[in-house]
>>> print(open('target-v1.cif').read())   # mmCIF, C-alpha atoms
data_final
loop_
_atom_site.label_atom_id
_atom_site.label_comp_id
_atom_site.auth_asym_id
_atom_site.auth_seq_id
_atom_site.Cartn_x
_atom_site.Cartn_y
_atom_site.Cartn_z
CA MET A 1 10.41 -11.76 17.45
CA ASP A 2 9.64 -14.56 15.05
CA ILE A 3 12.78 -16.42 14.03
CA GLY A 4 12.66 -19.17 11.43
CA ILE A 5 14.41 -20.73 8.49
CA ASN A 6 13.86 -19.27 5.04
CA ASN A 7 14.84 -20.37 1.55
CA PHE A 8 15.87 -23.78 2.76
CA ILE A 9 15.10 -27.21 1.30
CA ILE A 10 13.28 -28.96 4.11
CA ALA A 11 12.78 -32.33 2.45
CA VAL A 12 13.04 -34.17 -0.83
CA VAL A 13 10.29 -36.55 -1.93
CA THR A 14 11.12 -38.65 -4.94
CA LEU A 15 10.13 -41.58 -7.10
CA ASN A 16 13.67 -41.75 -8.39
CA ASN A 17 15.45 -44.48 -6.51
CA GLU A 18 18.54 -44.39 -8.62
CA ALA A 19 21.73 -42.44 -9.00
CA HIS A 20 20.02 -39.04 -9.55
CA VAL A 21 18.83 -38.54 -6.00
CA ARG A 22 21.28 -39.23 -3.23
CA SER A 23 21.70 -38.08 0.34
CA GLY A 24 22.44 -34.42 0.98
CA GLY A 25 21.53 -31.78 3.54
CA SER A 26 17.85 -32.64 3.68
CA PRO A 27 16.00 -35.87 4.40
CA ILE A 28 15.02 -37.83 1.29
CA ILE A 29 11.75 -39.74 1.22
CA TYR A 30 11.31 -42.37 -1.47
CA ALA A 31 7.69 -42.70 -2.58
CA LYS A 32 6.40 -45.77 -4.35
CA ASP A 33 4.05 -44.01 -6.79
CA GLU A 34 2.85 -40.56 -7.85
CA ASP A 35 -0.11 -40.50 -5.45
CA GLU A 36 2.08 -41.27 -2.50
CA ARG A 37 4.56 -38.61 -3.60
CA GLU A 38 1.81 -35.98 -3.83
CA ARG A 39 0.38 -36.92 -0.45
CA VAL A 40 3.70 -37.03 1.43
CA ALA A 41 4.83 -33.78 -0.15
CA LEU A 42 1.54 -32.10 0.81
CA LEU A 43 1.77 -33.36 4.39
CA ILE A 44 5.33 -32.11 4.83
CA ALA A 45 4.49 -28.78 3.22
CA LYS A 46 1.43 -28.28 5.43
CA THR A 47 3.39 -29.15 8.56
CA THR A 48 6.31 -26.87 7.83
CA ARG A 49 4.44 -24.15 5.88
CA GLY A 50 6.76 -24.93 3.03
CA MET A 51 6.05 -24.93 -0.67
CA VAL A 52 6.27 -27.92 -2.99
CA HIS A 53 8.34 -27.54 -6.17
CA ASP A 54 8.68 -30.07 -8.96
CA ILE A 55 12.28 -30.21 -10.18
CA GLY A 56 11.80 -33.04 -12.65
CA LEU A 57 13.58 -36.41 -12.32
CA GLY A 58 10.44 -37.60 -10.53
CA THR A 59 11.45 -35.41 -7.60
CA TYR A 60 9.67 -32.84 -5.45
CA ILE A 61 11.50 -30.54 -3.09
CA ILE A 62 9.78 -28.75 -0.22
CA VAL A 63 11.19 -25.29 0.35
CA ARG A 64 10.41 -22.76 3.01
CA HIS A 65 10.31 -19.32 1.45
CA MET B 1 -7.00 44.90 15.63
CA SER B 2 -9.85 44.38 18.05
CA ILE B 3 -10.38 41.43 20.37
CA SER B 4 -13.49 40.37 18.46
CA THR B 5 -11.58 40.23 15.14
CA ASN B 6 -8.92 38.08 16.80
CA PHE B 7 -11.58 35.81 18.13
CA LEU B 8 -13.33 35.57 14.77
CA MET B 9 -10.02 34.91 13.04
CA ILE B 10 -9.06 32.06 15.36
CA ILE B 11 -12.48 30.41 15.32
CA ILE B 12 -12.96 30.52 11.56
CA ALA B 13 -9.37 29.40 10.86
CA LEU B 14 -9.75 26.58 13.39
CA LEU B 15 -12.95 25.41 11.74
CA MET B 16 -11.44 25.58 8.26
CA GLY B 17 -8.31 23.66 9.32
CA THR B 18 -10.34 20.98 11.06
CA MET B 19 -12.65 20.74 8.08
CA ALA B 20 -9.57 20.27 5.87
CA ARG B 21 -8.37 17.34 7.97
CA VAL B 22 -11.82 15.73 8.14
CA SER B 23 -12.37 16.05 4.41
CA MET B 24 -9.16 14.12 3.81
CA MET B 25 -10.25 11.28 6.08
CA ARG B 26 -13.17 10.73 3.76
CA VAL B 27 -11.14 10.75 0.56
CA ASP B 28 -8.67 7.99 1.29
CA TYR B 29 -10.87 4.95 1.72
CA ARG B 30 -8.08 2.68 0.57
CA GLN B 31 -5.36 3.81 2.90
CA TYR B 32 -7.41 4.62 5.93
CA PRO B 33 -8.48 1.69 8.01
CA THR B 34 -11.57 3.40 9.42
CA TYR B 35 -11.44 1.99 12.89
CA PRO B 36 -13.26 4.50 15.09
CA GLN B 37 -10.46 4.95 17.63
CA ALA B 38 -7.83 5.94 15.08
CA TYR B 39 -10.43 8.14 13.41
CA LEU B 40 -10.97 10.02 16.67
CA SER B 41 -7.27 10.43 17.39
CA HIS B 42 -6.57 11.79 13.92
CA PHE B 43 -9.57 14.09 14.21
CA THR B 44 -8.18 15.43 17.49
CA LEU B 45 -4.71 15.85 16.03
CA GLY B 46 -6.34 17.69 13.14
CA ILE B 47 -7.96 20.15 15.56
CA ILE B 48 -4.62 20.72 17.28
CA ALA B 49 -2.92 21.28 13.93
CA ALA B 50 -5.62 23.73 12.88
CA ALA B 51 -5.35 25.56 16.21
CA LEU B 52 -1.60 25.98 15.75
CA GLY B 53 -2.11 27.41 12.29
CA ALA B 54 -4.98 29.61 13.44
CA VAL B 55 -3.17 31.39 16.27
CA ALA B 56 0.02 32.21 14.32
CA ILE B 57 -1.26 35.34 12.52
CA PRO B 58 -3.08 36.90 15.52
CA ALA B 59 0.07 36.27 17.59
CA ILE B 60 2.30 38.02 15.09
CA ALA B 61 -0.24 40.82 14.67
CA SER B 62 -0.08 41.48 18.40
CA LYS B 63 3.74 41.49 18.19
CA GLU B 64 4.18 38.14 19.96
CA TYR B 65 6.91 36.98 17.60
CA VAL B 66 7.98 34.11 19.83
CA ALA B 67 4.72 32.41 18.92
CA VAL B 68 6.27 31.35 15.61
CA THR B 69 8.45 28.88 17.49
CA PHE B 70 5.26 26.99 18.22
CA LEU B 71 5.08 26.12 14.53
CA ALA B 72 8.52 24.51 14.81
CA LEU B 73 7.21 22.53 17.75
CA ALA B 74 4.25 21.51 15.62
CA ALA B 75 6.51 20.25 12.85
CA GLN B 76 8.34 18.09 15.38
CA HIS B 77 5.07 16.81 16.74
CA PHE B 78 3.64 15.85 13.38
CA ARG B 79 6.81 14.06 12.42
CA ASP B 80 5.95 11.86 15.37
CA VAL B 81 2.57 11.22 13.74
CA ARG B 82 4.44 9.70 10.83
CA ASN B 83 6.47 7.51 13.19
CA LEU B 84 3.35 6.49 15.06
CA GLU B 85 1.51 5.48 11.92
CA ARG B 86 4.54 3.64 10.56
CA GLN B 87 5.03 1.73 13.79
CA SER B 88 1.41 0.72 14.05
CA LEU B 89 1.31 -0.51 10.45
CA ASP B 90 4.63 -2.32 10.96
CA ASN B 91 3.20 -4.02 14.02
CA ILE B 92 0.18 -5.39 12.22
CA GLU B 93 2.19 -6.31 9.14
CA ILE B 94 2.74 -9.90 10.33
CA THR B 95 -1.00 -10.35 10.68
CA GLU B 96 -1.64 -9.61 7.00
CA LEU B 97 -1.99 -12.58 4.67
CA VAL B 98 -0.38 -10.51 1.95
CA PRO B 99 1.85 -7.86 3.58
CA ARG B 100 1.69 -4.22 2.54
CA GLY B 101 5.45 -3.96 2.26
CA THR B 102 7.68 -1.29 3.78
CA ALA B 103 7.42 1.08 0.79
CA TYR B 104 3.61 1.19 1.00
CA ILE B 105 3.72 1.70 4.77
CA GLU B 106 6.17 4.55 4.36
CA ASP B 107 3.89 6.14 1.78
CA ILE B 108 0.84 5.91 4.05
CA ALA B 109 2.79 7.29 7.01
CA LYS B 110 4.02 10.22 4.92
CA ALA B 111 0.48 10.94 3.79
CA PHE B 112 -0.71 11.14 7.40
CA GLU B 113 2.02 13.62 8.26
CA ALA B 114 1.32 15.71 5.17
CA ARG B 115 -2.39 15.89 5.96
CA ASN B 116 -1.71 17.54 9.30
CA TYR B 117 0.42 20.13 7.53
CA ILE B 118 -2.47 20.74 5.16
CA ALA B 119 -4.67 21.44 8.19
CA ILE B 120 -2.07 23.91 9.54
CA LEU B 121 -1.61 25.66 6.20
CA THR B 122 -5.35 25.92 5.57
CA ALA B 123 -5.89 27.48 9.00
CA LEU B 124 -2.93 29.81 8.42
CA ALA B 125 -4.26 30.90 5.02
CA THR B 126 -7.73 31.49 6.46
CA SER B 127 -6.47 33.71 9.25
CA THR B 128 -4.24 35.56 6.79
CA GLY B 129 -7.30 36.25 4.65
CA ILE B 130 -9.21 37.61 7.64
CA TYR B 131 -6.22 39.69 8.70
CA LEU B 132 -6.06 41.28 5.26
CA GLY B 133 -9.78 42.01 5.42
CA ASP B 134 -9.23 43.70 8.76
CA TYR B 135 -6.24 45.62 7.40
CA PHE B 136 -8.39 47.13 4.66
CA HIS B 137 -11.15 47.90 7.21
CA LEU B 138 -13.77 45.70 5.58
CA SER B 139 -16.91 44.67 7.44
CA ILE B 140 -16.64 41.67 9.77
CA ILE B 141 -18.82 39.48 7.56
CA LEU B 142 -16.71 40.30 4.51
CA GLN B 143 -13.55 39.53 6.51
CA GLY B 144 -14.88 36.08 7.38
CA PHE B 145 -15.92 35.55 3.80
CA ILE B 146 -12.46 36.43 2.44
CA GLY B 147 -10.87 34.14 5.03
CA VAL B 148 -13.01 31.19 4.01
CA ILE B 149 -12.32 31.79 0.32
CA VAL B 150 -8.54 32.05 0.82
CA GLY B 151 -8.51 29.01 3.10
CA TYR B 152 -10.60 26.94 0.76
CA SER B 153 -8.48 27.77 -2.29
CA THR B 154 -5.33 26.87 -0.35
CA LEU B 155 -6.87 23.55 0.63
CA PHE B 156 -7.97 22.92 -2.93
CA LEU B 157 -4.51 23.68 -4.34
CA LEU B 158 -2.72 21.56 -1.73
CA ILE B 159 -4.98 18.56 -2.27
CA ARG B 160 -4.51 18.89 -6.02
CA MET B 161 -0.76 19.08 -5.57
CA LEU B 162 -0.63 16.04 -3.33
CA ARG B 163 -3.02 13.92 -5.32
CA GLY B 164 -0.94 10.98 -6.42
CA LYS B 165 -1.25 9.09 -9.65
CA ALA B 166 -2.59 5.59 -10.05
CA ILE B 167 -1.39 2.65 -12.11
CA GLU B 168 -3.94 3.50 -14.82
CA ASP B 169 -2.02 6.72 -15.55
CA ILE B 170 1.18 4.92 -16.44
CA ALA B 171 0.10 1.52 -17.73
CA GLU B 172 -2.57 -0.51 -19.41
CA VAL B 173 -4.05 -3.48 -17.61
CA LYS B 174 -5.51 -6.47 -19.38
CA GLU B 175 -6.32 -10.09 -18.70
CA ALA B 176 -3.52 -12.63 -19.05
CA THR B 177 -3.69 -16.34 -19.75
CA ILE B 178 -2.80 -18.88 -17.07
CA ALA B 179 -0.97 -21.98 -18.29
CA PHE B 180 1.48 -24.52 -16.95
CA ASP B 181 4.76 -25.36 -18.64
CA GLY B 182 5.47 -28.59 -16.77
CA PRO B 183 5.37 -27.43 -13.14
CA LEU B 184 6.02 -23.77 -14.05
CA LEU B 185 3.09 -21.42 -13.69
CA THR B 186 3.23 -19.29 -16.83
CA LEU B 187 1.29 -16.03 -17.17
CA ALA B 188 1.07 -14.49 -20.64
CA GLY B 189 4.15 -16.49 -21.58
CA VAL B 190 6.24 -15.41 -18.55
CA PRO B 191 7.31 -18.24 -16.22
CA VAL B 192 6.49 -17.14 -12.69
CA ILE B 193 6.85 -19.89 -10.14
CA ASN B 194 7.28 -23.63 -9.78
CA ILE B 195 4.09 -25.20 -8.43
CA GLY B 196 4.76 -28.81 -7.52
CA LEU B 197 1.43 -30.10 -6.28
CA LYS B 198 -1.01 -31.19 -8.97
CA ALA B 199 -4.00 -30.17 -6.84
CA SER B 200 -2.65 -26.59 -6.62
CA ARG B 201 -2.18 -26.48 -10.38
CA GLU B 202 -5.79 -27.53 -10.85
CA ILE B 203 -6.98 -24.73 -8.59
CA TYR B 204 -4.94 -22.20 -10.56
CA LEU B 205 -6.34 -23.45 -13.87
CA ASN B 206 -9.95 -23.53 -12.63
CA ASN B 207 -10.23 -20.49 -10.33
CA GLY B 208 -7.13 -18.40 -10.99
CA LYS B 209 -7.26 -14.95 -12.52
CA ALA B 210 -4.29 -13.17 -14.01
CA VAL B 211 -3.54 -9.71 -15.32
CA GLU B 212 -0.79 -8.20 -17.38
CA ILE B 213 0.23 -4.61 -16.63
CA ILE B 214 1.84 -3.04 -19.66
CA PRO B 215 3.74 0.22 -19.02
CA LYS B 216 3.08 3.04 -21.48
CA ASP B 217 6.68 4.32 -21.44
CA SER B 218 10.04 3.94 -19.70
CA TYR B 219 8.76 6.04 -16.78
CA GLY B 220 6.00 3.51 -16.18
CA ARG B 221 8.44 0.70 -16.63
CA ALA B 222 10.71 2.05 -13.89
CA ILE B 223 7.77 2.37 -11.50
CA LEU B 224 6.50 -1.14 -12.15
CA ALA B 225 9.96 -2.62 -11.71
CA ASN B 226 10.06 -1.33 -8.13
CA LEU B 227 9.56 -4.16 -5.63
CA GLY B 228 7.67 -1.98 -3.16
CA GLN B 229 5.22 -0.97 -5.87
CA ARG B 230 4.65 -4.60 -6.81
CA GLN B 231 4.10 -5.56 -3.18
CA ALA B 232 1.53 -2.77 -2.91
CA LEU B 233 -0.23 -4.14 -6.00
CA GLN B 234 -0.34 -7.62 -4.49
CA HIS B 235 -1.62 -6.33 -1.17
CA ASN B 236 -4.32 -4.16 -2.71
CA ALA B 237 -5.53 -6.92 -5.00
CA ALA B 238 -5.59 -9.49 -2.20
CA THR B 239 -7.35 -7.29 0.35
CA GLN B 240 -9.94 -5.88 -2.02
CA LEU B 241 -10.81 -9.05 -3.91
CA GLY B 242 -10.35 -11.50 -1.07
CA ILE B 243 -7.84 -14.26 -1.50
CA ARG B 244 -8.48 -17.97 -1.40
CA ARG B 245 -5.56 -19.06 0.75
CA ASP B 246 -4.41 -19.54 4.29
CA ILE B 247 -1.06 -19.05 5.94
CA ASP B 248 0.06 -22.63 5.21
CA GLU B 249 -0.63 -22.38 1.47
CA PRO B 250 2.28 -20.46 -0.03
CA ASP B 251 1.28 -21.86 -3.44
CA PHE B 252 -1.48 -19.28 -3.70
CA SER B 253 0.22 -16.12 -2.53
CA PRO B 254 -0.01 -13.57 -5.36
CA ILE B 255 3.28 -12.96 -7.09
CA ALA B 256 3.95 -10.09 -9.47
CA ARG B 257 6.77 -10.85 -11.86
CA ILE B 258 8.35 -8.73 -14.53
CA ASN B 259 8.70 -9.75 -18.14
CA PRO B 260 12.34 -8.80 -18.76
CA GLU B 261 11.76 -8.44 -22.51
CA THR B 262 8.99 -5.84 -22.35
CA GLY B 263 9.02 -4.56 -18.76
CA SER B 264 5.38 -5.49 -18.25
CA ILE B 265 4.22 -7.10 -15.02
CA VAL B 266 2.21 -10.29 -14.76
CA MET B 267 0.32 -11.20 -11.62
CA ALA B 268 -1.98 -14.11 -10.75
CA LEU B 269 -4.35 -14.42 -7.85
CA ILE B 270 -7.08 -16.77 -6.74
CA PRO B 271 -9.91 -14.46 -5.66
CA ILE B 272 -12.77 -15.72 -3.55
CA ASP B 273 -15.58 -14.79 -5.90
CA SER B 274 -14.53 -11.83 -8.00
CA ASP B 275 -14.34 -11.75 -11.75
CA ILE B 276 -11.52 -10.48 -13.91
CA GLU B 277 -13.13 -7.04 -14.32
CA ASP B 278 -12.87 -6.40 -10.57
CA PHE B 279 -9.26 -7.54 -10.60
CA ILE B 280 -8.40 -5.17 -13.46
CA THR B 281 -10.20 -2.28 -11.73
CA VAL B 282 -8.35 -2.81 -8.45
CA VAL B 283 -4.99 -2.95 -10.21
CA ARG B 284 -5.77 0.17 -12.26
CA ARG B 285 -6.69 2.13 -9.13
CA THR B 286 -3.68 1.11 -7.05
CA PRO B 287 -1.79 4.28 -6.13
CA ILE B 288 1.74 4.84 -7.37
CA LEU B 289 4.10 4.99 -4.42
CA GLU B 290 6.25 8.10 -4.07
CA SER B 291 9.33 6.00 -3.44
CA SER B 292 8.90 4.02 -6.66
CA LYS B 293 9.04 7.11 -8.88
CA LYS B 294 12.15 7.40 -10.97
CA LYS B 295 13.12 9.60 -13.87
CA PRO B 296 14.70 7.54 -16.63
CA ILE B 297 16.59 9.45 -19.34
CA LYS B 298 14.06 8.46 -21.99
#
>>> encode(input="target-v1.cif", output="structure tokens")
Amino acid sequence: MDIGINNFIIAVVTLNNEAHVRSGGSPIIYAKDEDERERVALLIAKTTRGMVHDIGLGTYIIVRH
Amino acid sequence: MSISTNFLMIIIALLMGTMARVSMMRVDYRQYPTYPQAYLSHFTLGIIAAALGAVAIPAIASKEYVAVTFLALAAQHFRDVRNLERQSLDNIEITELVPRGTAYIEDIAKAFEARNYIAILTALATSTGIYLGDYFHLSIILQGFIGVIVGYSTLFLLIRMLRGKAIEDIAEVKEATIAFDGPLLTLAGVPVINIGLKASREIYLNNGKAVEIIPKDSYGRAILANLGQRQALQHNAATQLGIRRDIDEPDFSPIARINPETGSIVMALIPIDSDIEDFITVVRRTPILESSKKKPIK
């Protein structure tokens, strides 16, 4: 049987280095610009088969559905 | 009743029942994955079903009433056909890029069971026809003729009765616009899903196709709201149009969402090289699942 994690935020990739994004359950990766944010988010999503969502505040979350 | 009439009755009824089963294998191109091995096993089961139906009347006519219990055995056996088909579809479900969904699988499994009963009933009707011919002392050719007519009309009626409806009977399908409201993929004004990656959004805008399925009445609305029905729509569209995605690209899995204001469904998909007309046709021809049917008050 295939057992895995669903509906879980695997990682947070953000440009927002300030008070909005702080540590939580998932690792937070601070990107220096938009290109880096796109690339890191894509790499994490591809590795974990997750999906990238834009939640505003310069922040992407990668969620496994 | 003579031995030769019995023989004629069984042979003709067997042929009619088998023919009934074979004719239904041809009809359902969508549901039947025509791999030759499954084709053969269903053909064989069809012959067995027809044989069971064919021998019932001659058995009763020769006062072998216990033979009827064989029909009960047959019912048990063909319920196993449903289980078998369900299990096999369940097993390959994880290998589908867009799963069929349990409701669709259940519908297909039920259809396979029902088709065996059609074979039994056709054979039974045929042998009844021949028995009646014999009862009225008609010639042997006329007996066979009556049997075939009765069997064929039974088959015709049963197929008509079981013929399900398609989406086109309950809803209109038309093209929908694809737009992005920030990161939200929006189809015909309905926000569907949050697509983060800019590259994915580009692909949606350039290659994506979307449809809106507008129910004609509250009956259609109840059917379209059913999650199993929507999964079947997604599966049919993806398998028949081809879908430009792999397992690690959840961004592009087709998602059918309801517009809570109107009850219509919007669905987007990135086909490999089909145009919007194909997409609309596939959606229109998707069968309505038995389990999604409801009867709203108005």
>>> closest_residue(input="target-v1.cif", among="B:Asn259, B:Ser292, B:Asn206, B:Ser253", to="chain A", atoms="all atoms listed in the file")
B:Ser253
>>> closest_residue(input="target-v1.cif", among="A:Thr59, A:Glu36, A:Asp54, A:Ile5", to="A:Asn17", atoms="only C-alpha atoms")
A:Thr59
>>> closest_atom_pairs(input="target-v1.cif", of="chain B", to="chain A", cutoff="6 Å", atoms="only C-alpha atoms", output="Markdown table")
| residue | atom | partner | partner_atom | distance |
| --- | --- | --- | --- | --- |
| B:Pro183 | CA | A:Asp54 | CA | 5.9 |
| B:Asn194 | CA | A:His53 | CA | 5.4 |
| B:Ile195 | CA | A:His53 | CA | 5.4 |
| B:Gly196 | CA | A:His53 | CA | 4.0 |
| B:Asp248 | CA | A:Arg49 | CA | 4.7 |
| B:Pro250 | CA | A:Met51 | CA | 5.9 |
>>> atom_distance(input="target-v1.cif", atom1="atom CA of A:Ile9", atom2="atom CA of A:Val63")
4.5 Å
>>> residues_around(input="target-v1.cif", residues="stretch 229-244 of chain B", least_positions_apart="5", cutoff="6 Å", atoms="all atoms listed in the file", output="list of chain:residue names")
B:Val98, B:Arg100, B:Gly101, B:Tyr104, B:Ile270, B:Pro271, B:Ile272
>>> residues_around(input="target-v1.cif", residues="A:Ile28", least_positions_apart="4", cutoff="7 Å", atoms="only C-alpha atoms", output="PyMOL selection string")
chain A and resi 11-13+23
>>> resolve_selection(input="target-v1.cif", expression="the PyMOL selection byres ((chain B and resi 159) around 12)", output="PyMOL selection string")
chain B and resi 20-21+23-24+27-28+111+114-115+117-119+121-122+152-158+160-164
>>> closest_residue(input="target-v1.cif", among="B:Thr177, B:Ser264, B:Asn83, B:Thr69", to="B:Ile214", atoms="all atoms listed in the file")
B:Ser264
>>> atom_distance(input="target-v1.cif", atom1="atom CA of B:Ala179", atom2="atom CA of B:Asp251")
15.0 Å
>>> residues_around(input="target-v1.cif", residues="stretch 84-87 of chain B", least_positions_apart="6", cutoff="9 Å", atoms="all atoms listed in the file", output="list in words")
Thr102, Ile105, Glu106, Ile108, Ala109, Lys110, Phe112 and Glu113 of chain B
>>> atom_distance(input="target-v1.cif", atom1="atom CA of B:Val283", atom2="atom CA of B:Ile203")
21.9 Å
>>> resolve_selection(input="target-v1.cif", expression="the PyMOL selection byres ((chain B and resi 173) around 10)", output="short mmCIF file (atom, residue, chain, number, x, y, z; two decimals) with C-alpha atoms, in the frame of the given file")
data_model
loop_
_atom_site.label_atom_id
_atom_site.label_comp_id
_atom_site.auth_asym_id
_atom_site.auth_seq_id
_atom_site.Cartn_x
_atom_site.Cartn_y
_atom_site.Cartn_z
CA ILE B 167 -1.39 2.65 -12.11
CA GLU B 168 -3.94 3.50 -14.82
CA ILE B 170 1.18 4.92 -16.44
CA ALA B 171 0.10 1.52 -17.73
CA GLU B 172 -2.57 -0.51 -19.41
CA LYS B 174 -5.51 -6.47 -19.38
CA GLU B 175 -6.32 -10.09 -18.70
CA ALA B 176 -3.52 -12.63 -19.05
CA VAL B 211 -3.54 -9.71 -15.32
CA GLU B 212 -0.79 -8.20 -17.38
CA ILE B 213 0.23 -4.61 -16.63
CA ILE B 214 1.84 -3.04 -19.66
CA PRO B 215 3.74 0.22 -19.02
CA SER B 264 5.38 -5.49 -18.25
CA ILE B 265 4.22 -7.10 -15.02
CA VAL B 266 2.21 -10.29 -14.76
CA PHE B 279 -9.26 -7.54 -10.60
CA ILE B 280 -8.40 -5.17 -13.46
CA THR B 281 -10.20 -2.28 -11.73
CA VAL B 283 -4.99 -2.95 -10.21
CA ARG B 284 -5.77 0.17 -12.26
#
>>> closest_residue(input="target-v1.cif", among="B:Gln143, B:Ala199, B:Leu205, B:Asp275", to="B:Glu249", atoms="only C-alpha atoms")
B:Ala199
>>> resolve_selection(input="target-v1.cif", expression="the PyMOL selection byres ((chain B and resi 54) around 6)", output="ChimeraX atom specification")
/B:10,13-14,50-53,55-56,123-124
>>> closest_residue(input="target-v1.cif", among="A:Ala31, A:Glu18, A:Ile10, A:Gly25", to="A:Ile44", atoms="all atoms listed in the file")
A:Ile10
>>> residues_around(input="target-v1.cif", residues="B:Asp134", least_positions_apart="2", cutoff="10 Å", atoms="only C-alpha atoms", output="JSON, numbers by chain")
{"B": [1, 2, 5, 6, 9, 128, 129, 130, 131, 132, 136, 137, 138, 139, 140, 142, 143, 144]}
>>> residues_around(input="target-v1.cif", residues="B:Leu269", least_positions_apart="3", cutoff="6 Å", atoms="only C-alpha atoms", output="PyMOL selection string")
chain B and resi 208-209+254
